[in-house]
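Coordinates from start19.pdb are shown below (PDB, C-alpha atoms).
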ATOM      1  CA  ILE M   1      16.632 -46.802 -95.464
ATOM      2  CA  PHE M   2      14.216 -46.257 -98.370
ATOM      3  CA  ASP M   3      12.316 -49.440 -97.556
ATOM      4  CA  LYS M   4      11.773 -48.292 -93.980
ATOM      5  CA  GLU M   5      10.723 -44.814 -95.123
ATOM      6  CA  ASN M   6       8.361 -46.251 -97.741
ATOM      7  CA  SER M   7       6.843 -48.647 -95.216
ATOM      8  CA  GLU M   8       6.264 -45.853 -92.735
ATOM      9  CA  LYS M   9       4.686 -43.655 -95.413
ATOM     10  CA  ILE M  10       2.364 -46.452 -96.569
ATOM     11  CA  LYS M  11       1.289 -47.103 -92.967
ATOM     12  CA  GLU M  12       0.570 -43.381 -92.523
ATOM     13  CA  ILE M  13      -1.573 -43.351 -95.672
ATOM     14  CA  LEU M  14      -3.480 -46.482 -94.645
ATOM     15  CA  ASP M  15      -4.073 -45.130 -91.147
ATOM     16  CA  ARG M  16      -5.163 -41.715 -92.392
ATOM     17  CA  ILE M  17      -7.437 -42.566 -95.321
ATOM     18  CA  GLY M  18      -7.537 -46.348 -95.644
ATOM     19  CA  TYR M  19      -6.538 -47.967 -98.899
ATOM     20  CA  PRO M  20      -6.237 -45.319-101.657
ATOM     21  CA  GLY M  21      -8.159 -47.249-104.283
ATOM     22  CA  ARG M  22      -9.856 -46.333-107.534
ATOM     23  CA  SER M  23     -12.425 -44.077-105.854
ATOM     24  CA  THR M  24      -9.547 -41.925-104.590
ATOM     25  CA  VAL M  25      -6.807 -42.226-107.220
ATOM     26  CA  GLY M  26      -8.550 -43.681-110.285
ATOM     27  CA  TYR M  27      -8.284 -46.973-112.138
ATOM     28  CA  GLU M  28      -4.812 -46.284-113.501
ATOM     29  CA  ASN M  29      -3.315 -45.851-110.015
ATOM     30  CA  GLU M  30      -5.417 -48.156-107.846
ATOM     31  CA  SER M  31      -2.681 -50.805-107.608
ATOM     32  CA  THR M  32       0.228 -48.528-106.656
ATOM     33  CA  VAL M  33       0.008 -49.012-102.898
ATOM     34  CA  PHE M  34      -0.765 -52.711-103.354
ATOM     35  CA  LEU M  35       2.435 -53.176-105.349
ATOM     36  CA  VAL M  36       4.491 -51.440-102.655
ATOM     37  CA  ILE M  37       2.910 -53.680-100.005
ATOM     38  CA  GLN M  38       3.383 -56.796-102.137
ATOM     39  CA  HIS M  39       7.104 -56.126-102.594
ATOM     40  CA  SER M  40       7.777 -55.043 -99.015
ATOM     41  CA  ASN M  41       8.774 -56.821 -95.849
ATOM     42  CA  LEU M  42       6.503 -59.256 -94.015
ATOM     43  CA  GLU M  43       5.569 -56.676 -91.386
ATOM     44  CA  LEU M  44       4.055 -54.294 -93.945
ATOM     45  CA  MET M  45       2.413 -57.176 -95.824
ATOM     46  CA  GLU M  46       0.653 -58.291 -92.651
ATOM     47  CA  TYR M  47      -0.259 -54.724 -91.723
ATOM     48  CA  GLY M  48      -1.601 -53.889 -95.170
ATOM     49  CA  LEU M  49      -3.529 -57.103 -95.828
ATOM     50  CA  PRO M  50      -6.763 -56.068 -94.058
ATOM     51  CA  PHE M  51      -6.768 -52.767 -95.952
ATOM     52  CA  VAL M  52      -6.257 -54.561 -99.274
ATOM     53  CA  GLN M  53      -8.978 -57.088 -98.471
ATOM     54  CA  LYS M  54     -11.418 -54.320 -97.580
ATOM     55  CA  ALA M  55     -10.605 -52.392-100.768
ATOM     56  CA  ILE M  56     -11.240 -55.523-102.839
ATOM     57  CA  SER M  57     -14.537 -56.246-101.089
ATOM     58  CA  ASN M  58     -15.592 -52.615-101.622
ATOM     59  CA  LEU M  59     -14.688 -52.929-105.342
ATOM     60  CA  ASP M  60     -12.061 -50.232-104.848
ATOM     61  CA  LEU M  61      -9.207 -52.512-105.956
ATOM     62  CA  ASN M  62      -9.164 -55.124-108.701
ATOM     63  CA  SER M  63      -8.672 -58.550-107.140
ATOM     64  CA  THR M  64      -6.472 -59.816-109.974
ATOM     65  CA  TYR M  65      -3.303 -57.906-109.003
TER      66      TYR M  65
END

Can you present the structure in this file as structure tokens?
Amino acid sequence: IFDKENSEKIKEILDRIGYPGRSTVGYENESTVFLVIQHSNLELMEYGLPFVQKAISNLDLNSTY
């Protein structure tokens, strides 16, 4: 149940504001959403990948996570 709720919440965040990277949440929290996506199901990984890629290209997420 928590996985489904977390996945839905992450999708809502991505849809509403895009990836919440360092410009939004600071350096110390920029990887939080990435880590949730990384340790989620395949559906959320595939959904979140374009957002992660864009955040990395915009220098809003460190590419070494």

* Output the residue selection produced by the PyMOL selection byres ((chain M and resi 61) around 9) on the file above, formatted as a list in words. =>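 Evaluating the PyMOL selection byres ((chain M and resi 61) around 9) on this file yields Tyr19, Pro20, Gly21, Arg22, Tyr27, Glu30, Ser31, Phe34, Val52, Gln53, Lys54, Ala55, Ile56, Ser57, Asn58, Leu59, Asp60, Asn62, Ser63, Thr64 and Tyr65 of chain M.
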
* **Result set, the PyMOL selection byres ((chain M and resi 13-16) around 10) on current file, as a PyMOL selection string** => chain M and resi 7-12+17-20+33+47-48+51-52

Grab all the atoms of segment 12-23 of chain M that the file lists, wrap them in a box along x, y and z, add 6 Å per side, and give me centre plus edge lengths in Å (one decimal) as lines of an AutoDock Vina configuration file.
center_x = -5.9
center_y = -44.8
center_z = -99.3
size_x = 25.0
size_y = 18.3
size_z = 28.4

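For the pair atom CA of Asn6 of chain M and atom CA of Leu35 of chain M, the separation is 11.9 Å.
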
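Neighbours of Asp3 of chain M closer than or equal to 10 Å, with only C-alpha atoms counted and sequence neighbours fewer than 6 positions away skipped, come out as Lys9, Val36, His39, Ser40 and Asn41 of chain M.
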